[in-house]
Amino acid sequence: MNHFDTIIIGAGPAGMTAGQVLQDSQNILIIDEYYHYGGRLLGQLYEETKGKWWNGIEIAQKLYSDISEKVSFKLGTSVYNVEHRNQGFDVYTTSGHFQSNYLIVSTGGKEKSTPLPGWDLPGVMTVGAAQVLTNFQRVKPGNKGVIIGINPLSMVIALELGYAYIDVAKICLPPNNLINEAAPKRALETLISLGNSAPSKFLSFGSKMAEKVTPLQQLALQLFPKKGVHALGLPISIKERVMKINGQHKVESVTIQKTNALGEIIEGTEKEIECDFVCISDGLSPVNEVTSLLDLKHVYIEALGGYVPLHHETMKTEIENLYVAGNITGIENAKIAMLQGRLAANQIIKNNISSKEILEAIAYERQHAKVTFHKDLLQGRNTLQSMWMQHS
Amino acid sequence: MTDRILEHKILGKKEQKLVPFKWNGKTYYGAEGESITAALLANDIRTLRYHEKDGSGRGLYCNIGHCSECRVTVEGKRNQRACLTPIYKNMEIEQQTELPHLIKGGRPHESL
């Protein structure tokens, strides 16, 4: 049978919770390109509060076990085209052609990368790649790594490498260029927001972050040691940049240079650090390829990570019966994605009471989130909402 | 040398069932159901492909299907993303190499 009430594209936190809600009243299909359900939950591992761990693999297993066997899953399946016609959807995949009345697109996010010399050598990867290898596949990305980029994601993953006894030799900034303006000041703001080095504090970045570097912090920026500091066992250096990655056939070392407080290179300070892998971390952006196939307006909002399909806070879009949920709507944590998936599904079955409660839960989670990826997130959400009002 | 992480501070032990597979005709062992990228890396193989144009080595980059840097030939089928393809017993995987140049020539590859 190739016709479903609802097709969900993406078996991550958003898609799976949507499936949970819909399974009782609808005939649904969940599609994912990866060979395992769970999406990017699969790599996540951090301490929320003392002794209480967010273990993404366990959460994914729980979500999956709550979905009945009558739900169709197509894993290892790529969607290469989607068409909207007669209030229904045609979804073309590597496992066949499917149709549905409703479509939920929950395709998640991807990592951004700014190139630097040597970034195409085997052994260079995104921090997310190292995370999946380490926590899900349980294969070391290497024995000694250098992480380029100081942001919440790179710091959390650096800690995770430590849990698997993988040595991180340095966490520092990328070279400065037209597209990447990473500077010590911003990195210091990140570090300040990480607070008193409790791992949970470590994640409280973003909305609660200091808006500006205060005069005292300006002094801290001047005095910050050029060789970096050790915090939480991580060698963090906001005044060093990796200028290039070296190696004959694979990563053998990186060349770093020291900078002043403004991030300007100090000549004659080149130093090589031996390592066998390098992680580039440059933030996340929404995966909008599927929604881009449809006649749907997308808007660029920096605080949400990039281009997102224009949508209402209830997850509906300009196209009737098309809903979005999760990181495609803006980069946020998995708890938000799960709530959004539930919300989209409740909208489809027209359960307005649940929808209202979920909207309140989303607002609460945004205020109290342990993991926030952009300090202006709430503002970005408001901008999107007003764009929707203007457009519709 | 890279290793499997069998012990983990938080996640505990992991049991894996190893199965044989072939990479460029040589037998290696990988955990059944893991991606080709993970299985090869656990055997210390980082160069998954040689670039079509200049023959420089490429490894896994994003490991979740976005970048397509990890393309390999699986059972004769070219351009399969190794990070999205789970291995099974006796799977045959081949490395893809530089394409021959129309004028300069170049080495032919049996999978072409």
# chains A, B, ... in the order shown; residues from 1 in each chain; ligands from 1

call {"tool": "closest_atom_pairs", "arguments": {"of": "chain B", "to": "chain A", "cutoff": "6 Å", "atoms": "only C-alpha atoms", "output": "JSON lines"}}
result
{"residue": "B:Thr2", "atom": "CA", "partner": "A:Gly142", "partner_atom": "CA", "distance": 5.3}
{"residue": "B:Asp3", "atom": "CA", "partner": "A:Lys140", "partner_atom": "CA", "distance": 5.6}
{"residue": "B:Arg4", "atom": "CA", "partner": "A:Val139", "partner_atom": "CA", "distance": 4.3}
{"residue": "B:Ile5", "atom": "CA", "partner": "A:Arg138", "partner_atom": "CA", "distance": 4.9}
{"residue": "B:His8", "atom": "CA", "partner": "A:Ala164", "partner_atom": "CA", "distance": 5.4}
{"residue": "B:Lys9", "atom": "CA", "partner": "A:Tyr163", "partner_atom": "CA", "distance": 5.4}
{"residue": "B:Ala42", "atom": "CA", "partner": "A:Val139", "partner_atom": "CA", "distance": 5.9}
{"residue": "B:Arg46", "atom": "CA", "partner": "A:Pro122", "partner_atom": "CA", "distance": 5.7}
{"residue": "B:Thr47", "atom": "CA", "partner": "A:Pro122", "partner_atom": "CA", "distance": 5.7}
{"residue": "B:Arg58", "atom": "CA", "partner": "A:Pro122", "partner_atom": "CA", "distance": 5.1}
{"residue": "B:Gly59", "atom": "CA", "partner": "A:Pro122", "partner_atom": "CA", "distance": 4.1}
{"residue": "B:Tyr61", "atom": "CA", "partner": "A:Met125", "partner_atom": "CA", "distance": 4.2}
{"residue": "B:Cys62", "atom": "CA", "partner": "A:Ala129", "partner_atom": "CA", "distance": 5.1}
{"residue": "B:Asn63", "atom": "CA", "partner": "A:Ala129", "partner_atom": "CA", "distance": 4.9}
{"residue": "B:Leu84", "atom": "CA", "partner": "A:Tyr34", "partner_atom": "CA", "distance": 5.6}

call {"tool": "select_by_dssp", "arguments": {"residues": "region 24-223 of chain A", "states": "strand (DSSP E)", "output": "ChimeraX atom specification"}}
result
/A:28-31,45-49,52-55,72-74,79-85,88-93,96-105,109-111,124-126,144-148,167-173

call {"tool": "residues_around", "arguments": {"residues": "region 69-79 of chain B", "least_positions_apart": "4", "cutoff": "8 Å", "atoms": "only C-alpha atoms", "output": "list in words"}}
result
Thr37, Leu48, Arg49, Arg58, Gly59, Leu60, Tyr61, Cys83, Met91, Glu92, Ile93, Glu94, Gln95, Gln96 and Ser111 of chain B

call {"tool": "write_last_selection", "arguments": {"atoms": "N, CA and C atoms", "output": "compact mmCIF listing (two decimals), in the first residue's frame"}}
result
# COMPACT_ATOMS: atom_id res chain seq x y z
N THR B 37 31.75 3.73 7.15
CA THR B 37 32.76 4.68 7.66
C THR B 37 33.30 4.22 9.02
N LEU B 48 38.88 7.12 2.09
CA LEU B 48 37.77 6.34 1.56
C LEU B 48 37.69 6.44 0.04
N ARG B 49 38.30 7.48 -0.51
CA ARG B 49 38.14 7.75 -1.94
C ARG B 49 39.29 8.62 -2.38
N ARG B 58 40.40 11.51 0.23
CA ARG B 58 39.26 12.08 0.96
C ARG B 58 38.78 11.08 2.01
N GLY B 59 38.36 11.61 3.15
CA GLY B 59 37.84 10.74 4.21
C GLY B 59 36.40 11.11 4.52
N LEU B 60 35.88 10.54 5.61
CA LEU B 60 34.53 10.93 6.04
C LEU B 60 34.61 12.38 6.51
N TYR B 61 33.57 13.15 6.31
CA TYR B 61 33.59 14.53 6.83
C TYR B 61 32.41 14.77 7.78
N CYS B 83 28.79 6.54 4.96
CA CYS B 83 28.28 6.85 6.30
C CYS B 83 26.83 6.45 6.48
N MET B 91 30.15 -8.29 2.72
CA MET B 91 29.93 -7.15 1.83
C MET B 91 31.23 -6.82 1.09
N GLU B 92 31.09 -6.46 -0.19
CA GLU B 92 32.29 -6.10 -0.95
C GLU B 92 32.28 -4.61 -1.27
N ILE B 93 33.29 -3.93 -0.77
CA ILE B 93 33.39 -2.48 -0.93
C ILE B 93 34.68 -2.15 -1.67
N GLU B 94 34.59 -1.22 -2.62
CA GLU B 94 35.77 -0.81 -3.38
C GLU B 94 35.95 0.70 -3.24
N GLN B 95 37.20 1.10 -3.27
CA GLN B 95 37.54 2.51 -3.23
C GLN B 95 37.41 3.09 -4.64
N GLN B 96 36.92 4.31 -4.75
CA GLN B 96 36.85 4.97 -6.06
C GLN B 96 38.09 5.84 -6.26
N SER B 111 35.84 -0.57 -11.85
CA SER B 111 34.42 -0.36 -11.53
C SER B 111 33.77 0.67 -12.47

call {"tool": "residues_around", "arguments": {"residues": "Leu40 (chain B)", "least_positions_apart": "3", "cutoff": "9 Å", "atoms": "only C-alpha atoms", "output": "PDB file with all heavy atoms, in the first residue's frame"}}
result
ATOM      1  N   TRP B  23      37.348  -4.935   1.572  1.00  0.00           N
ATOM      2  CA  TRP B  23      37.672  -3.560   1.141  1.00  0.00           C
ATOM      3  C   TRP B  23      38.813  -3.687   0.139  1.00  0.00           C
ATOM      4  O   TRP B  23      39.878  -4.223   0.497  1.00  0.00           O
ATOM      5  CB  TRP B  23      38.083  -2.733   2.353  1.00  0.00           C
ATOM      6  CG  TRP B  23      38.723  -1.403   2.069  1.00  0.00           C
ATOM      7  CD1 TRP B  23      40.023  -1.055   2.298  1.00  0.00           C
ATOM      8  CD2 TRP B  23      38.088  -0.216   1.549  1.00  0.00           C
ATOM      9  NE1 TRP B  23      40.242   0.251   1.958  1.00  0.00           N
ATOM     10  CE2 TRP B  23      39.067   0.795   1.496  1.00  0.00           C
ATOM     11  CE3 TRP B  23      36.776   0.084   1.127  1.00  0.00           C
ATOM     12  CZ2 TRP B  23      38.790   2.084   1.023  1.00  0.00           C
ATOM     13  CZ3 TRP B  23      36.510   1.362   0.660  1.00  0.00           C
ATOM     14  CH2 TRP B  23      37.504   2.350   0.616  1.00  0.00           C
ATOM     15  N   TYR B  28      38.511  -7.576   6.051  1.00  0.00           N
ATOM     16  CA  TYR B  28      38.591  -6.887   7.342  1.00  0.00           C
ATOM     17  C   TYR B  28      37.372  -7.318   8.157  1.00  0.00           C
ATOM     18  O   TYR B  28      36.466  -7.968   7.645  1.00  0.00           O
ATOM     19  CB  TYR B  28      38.558  -5.366   7.150  1.00  0.00           C
ATOM     20  CG  TYR B  28      39.766  -4.806   6.436  1.00  0.00           C
ATOM     21  CD1 TYR B  28      39.783  -4.694   5.047  1.00  0.00           C
ATOM     22  CD2 TYR B  28      40.887  -4.389   7.146  1.00  0.00           C
ATOM     23  CE1 TYR B  28      40.895  -4.182   4.387  1.00  0.00           C
ATOM     24  CE2 TYR B  28      42.000  -3.870   6.505  1.00  0.00           C
ATOM     25  CZ  TYR B  28      41.999  -3.769   5.118  1.00  0.00           C
ATOM     26  OH  TYR B  28      43.090  -3.261   4.476  1.00  0.00           O
ATOM     27  N   TYR B  29      37.338  -6.894   9.427  1.00  0.00           N
ATOM     28  CA  TYR B  29      36.177  -7.202  10.266  1.00  0.00           C
ATOM     29  C   TYR B  29      35.535  -5.916  10.780  1.00  0.00           C
ATOM     30  O   TYR B  29      36.220  -4.982  11.167  1.00  0.00           O
ATOM     31  CB  TYR B  29      36.590  -8.098  11.444  1.00  0.00           C
ATOM     32  CG  TYR B  29      36.888  -9.507  10.962  1.00  0.00           C
ATOM     33  CD1 TYR B  29      38.127  -9.828  10.418  1.00  0.00           C
ATOM     34  CD2 TYR B  29      35.890 -10.478  11.002  1.00  0.00           C
ATOM     35  CE1 TYR B  29      38.389 -11.103   9.931  1.00  0.00           C
ATOM     36  CE2 TYR B  29      36.139 -11.750  10.518  1.00  0.00           C
ATOM     37  CZ  TYR B  29      37.391 -12.056   9.980  1.00  0.00           C
ATOM     38  OH  TYR B  29      37.616 -13.308   9.489  1.00  0.00           O
ATOM     39  N   GLY B  30      34.223  -5.899  10.755  1.00  0.00           N
ATOM     40  CA  GLY B  30      33.482  -4.742  11.262  1.00  0.00           C
ATOM     41  C   GLY B  30      32.304  -5.213  12.084  1.00  0.00           C
ATOM     42  O   GLY B  30      31.932  -6.392  12.019  1.00  0.00           O
ATOM     43  N   SER B  35      27.981   1.613  10.188  1.00  0.00           N
ATOM     44  CA  SER B  35      28.223   2.201   8.877  1.00  0.00           C
ATOM     45  C   SER B  35      29.584   1.760   8.342  1.00  0.00           C
ATOM     46  O   SER B  35      30.482   1.380   9.109  1.00  0.00           O
ATOM     47  CB  SER B  35      28.178   3.726   8.967  1.00  0.00           C
ATOM     48  OG  SER B  35      29.295   4.193   9.676  1.00  0.00           O
ATOM     49  N   ILE B  36      29.731   1.838   7.016  1.00  0.00           N
ATOM     50  CA  ILE B  36      31.019   1.511   6.402  1.00  0.00           C
ATOM     51  C   ILE B  36      32.106   2.458   6.930  1.00  0.00           C
ATOM     52  O   ILE B  36      33.234   2.033   7.178  1.00  0.00           O
ATOM     53  CB  ILE B  36      30.919   1.602   4.858  1.00  0.00           C
ATOM     54  CG1 ILE B  36      29.955   0.531   4.322  1.00  0.00           C
ATOM     55  CG2 ILE B  36      32.286   1.469   4.202  1.00  0.00           C
ATOM     56  CD1 ILE B  36      29.652   0.671   2.817  1.00  0.00           C
ATOM     57  N   THR B  37      31.753   3.730   7.155  1.00  0.00           N
ATOM     58  CA  THR B  37      32.758   4.681   7.663  1.00  0.00           C
ATOM     59  C   THR B  37      33.303   4.216   9.016  1.00  0.00           C
ATOM     60  O   THR B  37      34.511   4.244   9.248  1.00  0.00           O
ATOM     61  CB  THR B  37      32.185   6.108   7.829  1.00  0.00           C
ATOM     62  OG1 THR B  37      30.984   6.052   8.596  1.00  0.00           O
ATOM     63  CG2 THR B  37      31.921   6.777   6.498  1.00  0.00           C
ATOM     64  N   ASN B  43      39.360  -0.040  11.484  1.00  0.00           N
ATOM     65  CA  ASN B  43      40.500  -0.761  10.915  1.00  0.00           C
ATOM     66  C   ASN B  43      41.611   0.210  10.486  1.00  0.00           C
ATOM     67  O   ASN B  43      42.472  -0.132   9.680  1.00  0.00           O
ATOM     68  CB  ASN B  43      40.046  -1.596   9.714  1.00  0.00           C
ATOM     69  CG  ASN B  43      39.269  -2.835  10.151  1.00  0.00           C
ATOM     70  OD1 ASN B  43      39.848  -3.804  10.615  1.00  0.00           O
ATOM     71  ND2 ASN B  43      37.951  -2.778  10.040  1.00  0.00           N
ATOM     72  N   ASP B  44      41.508   1.452  11.007  1.00  0.00           N
ATOM     73  CA  ASP B  44      42.503   2.490  10.737  1.00  0.00           C
ATOM     74  C   ASP B  44      42.548   2.913   9.262  1.00  0.00           C
ATOM     75  O   ASP B  44      43.594   3.343   8.774  1.00  0.00           O
ATOM     76  CB  ASP B  44      43.888   2.042  11.199  1.00  0.00           C
ATOM     77  CG  ASP B  44      44.734   3.237  11.627  1.00  0.00           C
ATOM     78  OD1 ASP B  44      44.143   4.251  12.039  1.00  0.00           O
ATOM     79  OD2 ASP B  44      45.970   3.158  11.531  1.00  0.00           O
ATOM     80  N   ILE B  45      41.434   2.765   8.561  1.00  0.00           N
ATOM     81  CA  ILE B  45      41.384   3.206   7.164  1.00  0.00           C
ATOM     82  C   ILE B  45      40.616   4.519   7.104  1.00  0.00           C
ATOM     83  O   ILE B  45      39.428   4.570   7.405  1.00  0.00           O
ATOM     84  CB  ILE B  45      40.710   2.140   6.263  1.00  0.00           C
ATOM     85  CG1 ILE B  45      41.592   0.892   6.236  1.00  0.00           C
ATOM     86  CG2 ILE B  45      40.465   2.685   4.847  1.00  0.00           C
ATOM     87  CD1 ILE B  45      40.902  -0.339   5.717  1.00  0.00           C
ATOM     88  N   ARG B  46      41.347   5.574   6.751  1.00  0.00           N
ATOM     89  CA  ARG B  46      40.735   6.905   6.715  1.00  0.00           C
ATOM     90  C   ARG B  46      40.468   7.392   5.298  1.00  0.00           C
ATOM     91  O   ARG B  46      39.575   8.199   5.084  1.00  0.00           O
ATOM     92  CB  ARG B  46      41.657   7.928   7.391  1.00  0.00           C
ATOM     93  CG  ARG B  46      41.654   7.857   8.897  1.00  0.00           C
ATOM     94  CD  ARG B  46      42.334   9.106   9.448  1.00  0.00           C
ATOM     95  NE  ARG B  46      42.525   9.015  10.886  1.00  0.00           N
ATOM     96  CZ  ARG B  46      41.608   9.395  11.768  1.00  0.00           C
ATOM     97  NH1 ARG B  46      40.454   9.864  11.373  1.00  0.00           N
ATOM     98  NH2 ARG B  46      41.863   9.295  13.061  1.00  0.00           N
ATOM     99  N   LEU B  48      38.879   7.120   2.087  1.00  0.00           N
ATOM    100  CA  LEU B  48      37.766   6.338   1.556  1.00  0.00           C
ATOM    101  C   LEU B  48      37.685   6.442   0.040  1.00  0.00           C
ATOM    102  O   LEU B  48      37.094   5.607  -0.622  1.00  0.00           O
ATOM    103  CB  LEU B  48      36.453   6.836   2.161  1.00  0.00           C
ATOM    104  CG  LEU B  48      36.389   6.801   3.689  1.00  0.00           C
ATOM    105  CD1 LEU B  48      35.069   7.354   4.184  1.00  0.00           C
ATOM    106  CD2 LEU B  48      36.580   5.373   4.206  1.00  0.00           C
TER     107      LEU B  48
END

call {"tool": "residues_around", "arguments": {"residues": "Leu234 (chain A)", "least_positions_apart": "5", "cutoff": "10 Å", "atoms": "only C-alpha atoms", "output": "PDB file with N, CA and C atoms, in the first residue's frame"}}
result
ATOM      1  N   MET A 155      32.068  22.710  22.551  1.00  0.00           N
ATOM      2  CA  MET A 155      32.478  22.497  23.943  1.00  0.00           C
ATOM      3  C   MET A 155      31.843  21.232  24.512  1.00  0.00           C
ATOM      4  N   ALA A 158      33.525  18.276  22.962  1.00  0.00           N
ATOM      5  CA  ALA A 158      34.868  18.099  23.517  1.00  0.00           C
ATOM      6  C   ALA A 158      34.794  17.315  24.828  1.00  0.00           C
ATOM      7  N   LEU A 159      33.789  17.649  25.653  1.00  0.00           N
ATOM      8  CA  LEU A 159      33.604  16.914  26.909  1.00  0.00           C
ATOM      9  C   LEU A 159      33.287  15.444  26.635  1.00  0.00           C
ATOM     10  N   GLY A 162      36.134  13.320  25.909  1.00  0.00           N
ATOM     11  CA  GLY A 162      36.809  12.980  27.155  1.00  0.00           C
ATOM     12  C   GLY A 162      36.201  11.767  27.854  1.00  0.00           C
ATOM     13  N   ASP A 167      41.886  12.123  23.616  1.00  0.00           N
ATOM     14  CA  ASP A 167      42.638  13.308  24.003  1.00  0.00           C
ATOM     15  C   ASP A 167      42.312  14.495  23.085  1.00  0.00           C
ATOM     16  N   VAL A 168      41.914  15.627  23.692  1.00  0.00           N
ATOM     17  CA  VAL A 168      41.730  16.856  22.923  1.00  0.00           C
ATOM     18  C   VAL A 168      42.918  17.762  23.227  1.00  0.00           C
ATOM     19  N   ALA A 169      43.748  18.023  22.197  1.00  0.00           N
ATOM     20  CA  ALA A 169      44.999  18.760  22.417  1.00  0.00           C
ATOM     21  C   ALA A 169      44.774  20.258  22.501  1.00  0.00           C
ATOM     22  N   LYS A 170      43.731  20.742  21.839  1.00  0.00           N
ATOM     23  CA  LYS A 170      43.507  22.192  21.798  1.00  0.00           C
ATOM     24  C   LYS A 170      42.109  22.485  21.269  1.00  0.00           C
ATOM     25  N   ILE A 171      41.454  23.486  21.880  1.00  0.00           N
ATOM     26  CA  ILE A 171      40.218  24.014  21.304  1.00  0.00           C
ATOM     27  C   ILE A 171      40.481  25.489  21.063  1.00  0.00           C
ATOM     28  N   GLY A 228      46.260  29.899  26.492  1.00  0.00           N
ATOM     29  CA  GLY A 228      44.968  29.309  26.830  1.00  0.00           C
ATOM     30  C   GLY A 228      44.847  28.921  28.289  1.00  0.00           C
ATOM     31  N   VAL A 229      43.697  28.353  28.638  1.00  0.00           N
ATOM     32  CA  VAL A 229      43.455  27.921  30.016  1.00  0.00           C
ATOM     33  C   VAL A 229      42.941  26.489  30.004  1.00  0.00           C
TER      34      VAL A 229
END

call {"tool": "select_by_dssp", "arguments": {"residues": "chain B", "states": "helix (DSSP H, G or I)", "output": "JSON, numbers by chain"}}
result
{"B": [36, 37, 38, 39, 40, 41, 42, 82, 83, 84]}

call {"tool": "closest_residue", "arguments": {"among": "A:Gly96, A:Lys271, A:Lys258, A:Ile331", "to": "Phe373 (chain A)", "atoms": "only C-alpha atoms"}}
result
A:Ile331

call {"tool": "residues_around", "arguments": {"residues": "Gln222 (chain A)", "least_positions_apart": "2", "cutoff": "12 Å", "atoms": "only C-alpha atoms", "output": "list in words"}}
result
Pro184, Lys185, Leu188, Val213, Pro215, Leu216, Gln217, Gln218, Leu219, Ala220, Phe224, Pro225, Lys226, Ile238, Lys239, Thr259, Asn260, Ala261, Leu262 and Gly263 of chain A

call {"tool": "write_last_selection", "arguments": {"atoms": "N, CA and C atoms", "output": "PDB file, in the first residue's frame"}}
result
ATOM      1  N   PRO A 184      38.295  36.602  19.609  1.00  0.00           N
ATOM      2  CA  PRO A 184      38.443  36.254  21.026  1.00  0.00           C
ATOM      3  C   PRO A 184      37.308  36.792  21.900  1.00  0.00           C
ATOM      4  N   LYS A 185      36.793  37.992  21.572  1.00  0.00           N
ATOM      5  CA  LYS A 185      35.760  38.607  22.408  1.00  0.00           C
ATOM      6  C   LYS A 185      34.521  37.711  22.477  1.00  0.00           C
ATOM      7  N   LEU A 188      35.208  34.640  24.444  1.00  0.00           N
ATOM      8  CA  LEU A 188      35.212  34.912  25.892  1.00  0.00           C
ATOM      9  C   LEU A 188      33.785  34.997  26.417  1.00  0.00           C
ATOM     10  N   VAL A 213      30.495  42.457  26.528  1.00  0.00           N
ATOM     11  CA  VAL A 213      31.633  42.283  27.412  1.00  0.00           C
ATOM     12  C   VAL A 213      31.781  43.558  28.247  1.00  0.00           C
ATOM     13  N   PRO A 215      33.434  46.213  31.162  1.00  0.00           N
ATOM     14  CA  PRO A 215      34.812  46.718  31.288  1.00  0.00           C
ATOM     15  C   PRO A 215      35.731  45.728  32.010  1.00  0.00           C
ATOM     16  N   LEU A 216      35.204  45.087  33.051  1.00  0.00           N
ATOM     17  CA  LEU A 216      36.017  44.117  33.779  1.00  0.00           C
ATOM     18  C   LEU A 216      36.389  42.956  32.862  1.00  0.00           C
ATOM     19  N   GLN A 217      35.417  42.523  32.083  1.00  0.00           N
ATOM     20  CA  GLN A 217      35.673  41.418  31.158  1.00  0.00           C
ATOM     21  C   GLN A 217      36.628  41.850  30.041  1.00  0.00           C
ATOM     22  N   GLN A 218      36.537  43.145  29.690  1.00  0.00           N
ATOM     23  CA  GLN A 218      37.466  43.676  28.687  1.00  0.00           C
ATOM     24  C   GLN A 218      38.902  43.490  29.196  1.00  0.00           C
ATOM     25  N   LEU A 219      39.052  43.715  30.502  1.00  0.00           N
ATOM     26  CA  LEU A 219      40.372  43.524  31.119  1.00  0.00           C
ATOM     27  C   LEU A 219      40.734  42.038  31.059  1.00  0.00           C
ATOM     28  N   ALA A 220      39.755  41.190  31.344  1.00  0.00           N
ATOM     29  CA  ALA A 220      39.986  39.741  31.291  1.00  0.00           C
ATOM     30  C   ALA A 220      40.444  39.328  29.897  1.00  0.00           C
ATOM     31  N   PHE A 224      43.781  37.490  29.279  1.00  0.00           N
ATOM     32  CA  PHE A 224      43.593  36.052  29.010  1.00  0.00           C
ATOM     33  C   PHE A 224      44.892  35.461  28.466  1.00  0.00           C
ATOM     34  N   PRO A 225      45.409  34.416  29.118  1.00  0.00           N
ATOM     35  CA  PRO A 225      46.728  33.918  28.712  1.00  0.00           C
ATOM     36  C   PRO A 225      46.758  33.474  27.242  1.00  0.00           C
ATOM     37  N   LYS A 226      47.829  33.827  26.569  1.00  0.00           N
ATOM     38  CA  LYS A 226      47.937  33.519  25.135  1.00  0.00           C
ATOM     39  C   LYS A 226      47.996  32.013  24.888  1.00  0.00           C
ATOM     40  N   ILE A 238      41.431  31.118  23.488  1.00  0.00           N
ATOM     41  CA  ILE A 238      40.690  32.078  22.663  1.00  0.00           C
ATOM     42  C   ILE A 238      41.630  33.010  21.905  1.00  0.00           C
ATOM     43  N   LYS A 239      42.929  32.943  22.222  1.00  0.00           N
ATOM     44  CA  LYS A 239      43.882  33.806  21.518  1.00  0.00           C
ATOM     45  C   LYS A 239      44.822  33.003  20.642  1.00  0.00           C
ATOM     46  N   THR A 259      47.223  35.250  18.814  1.00  0.00           N
ATOM     47  CA  THR A 259      46.647  36.545  18.422  1.00  0.00           C
ATOM     48  C   THR A 259      46.644  37.482  19.626  1.00  0.00           C
ATOM     49  N   ASN A 260      46.395  38.778  19.346  1.00  0.00           N
ATOM     50  CA  ASN A 260      46.163  39.706  20.451  1.00  0.00           C
ATOM     51  C   ASN A 260      44.684  39.646  20.845  1.00  0.00           C
ATOM     52  N   ALA A 261      44.271  40.540  21.747  1.00  0.00           N
ATOM     53  CA  ALA A 261      42.904  40.492  22.266  1.00  0.00           C
ATOM     54  C   ALA A 261      41.867  40.769  21.179  1.00  0.00           C
ATOM     55  N   LEU A 262      42.293  41.423  20.097  1.00  0.00           N
ATOM     56  CA  LEU A 262      41.364  41.710  19.003  1.00  0.00           C
ATOM     57  C   LEU A 262      41.280  40.554  18.012  1.00  0.00           C
ATOM     58  N   GLY A 263      42.142  39.571  18.211  1.00  0.00           N
ATOM     59  CA  GLY A 263      42.131  38.424  17.303  1.00  0.00           C
ATOM     60  C   GLY A 263      43.095  38.587  16.147  1.00  0.00           C
TER      61      GLY A 263
END

call {"tool": "atom_distance", "arguments": {"atom1": "CA of Thr291 (chain A)", "atom2": "CA of Leu378 (chain A)"}}
result
23.2 Å

call {"tool": "atom_distance", "arguments": {"atom1": "CA of Asn382 (chain A)", "atom2": "CA of Ala363 (chain A)"}}
result
11.8 Å

call {"tool": "atom_distance", "arguments": {"atom1": "CA of Ile256 (chain A)", "atom2": "CA of Ile236 (chain A)"}}
result
13.2 Å
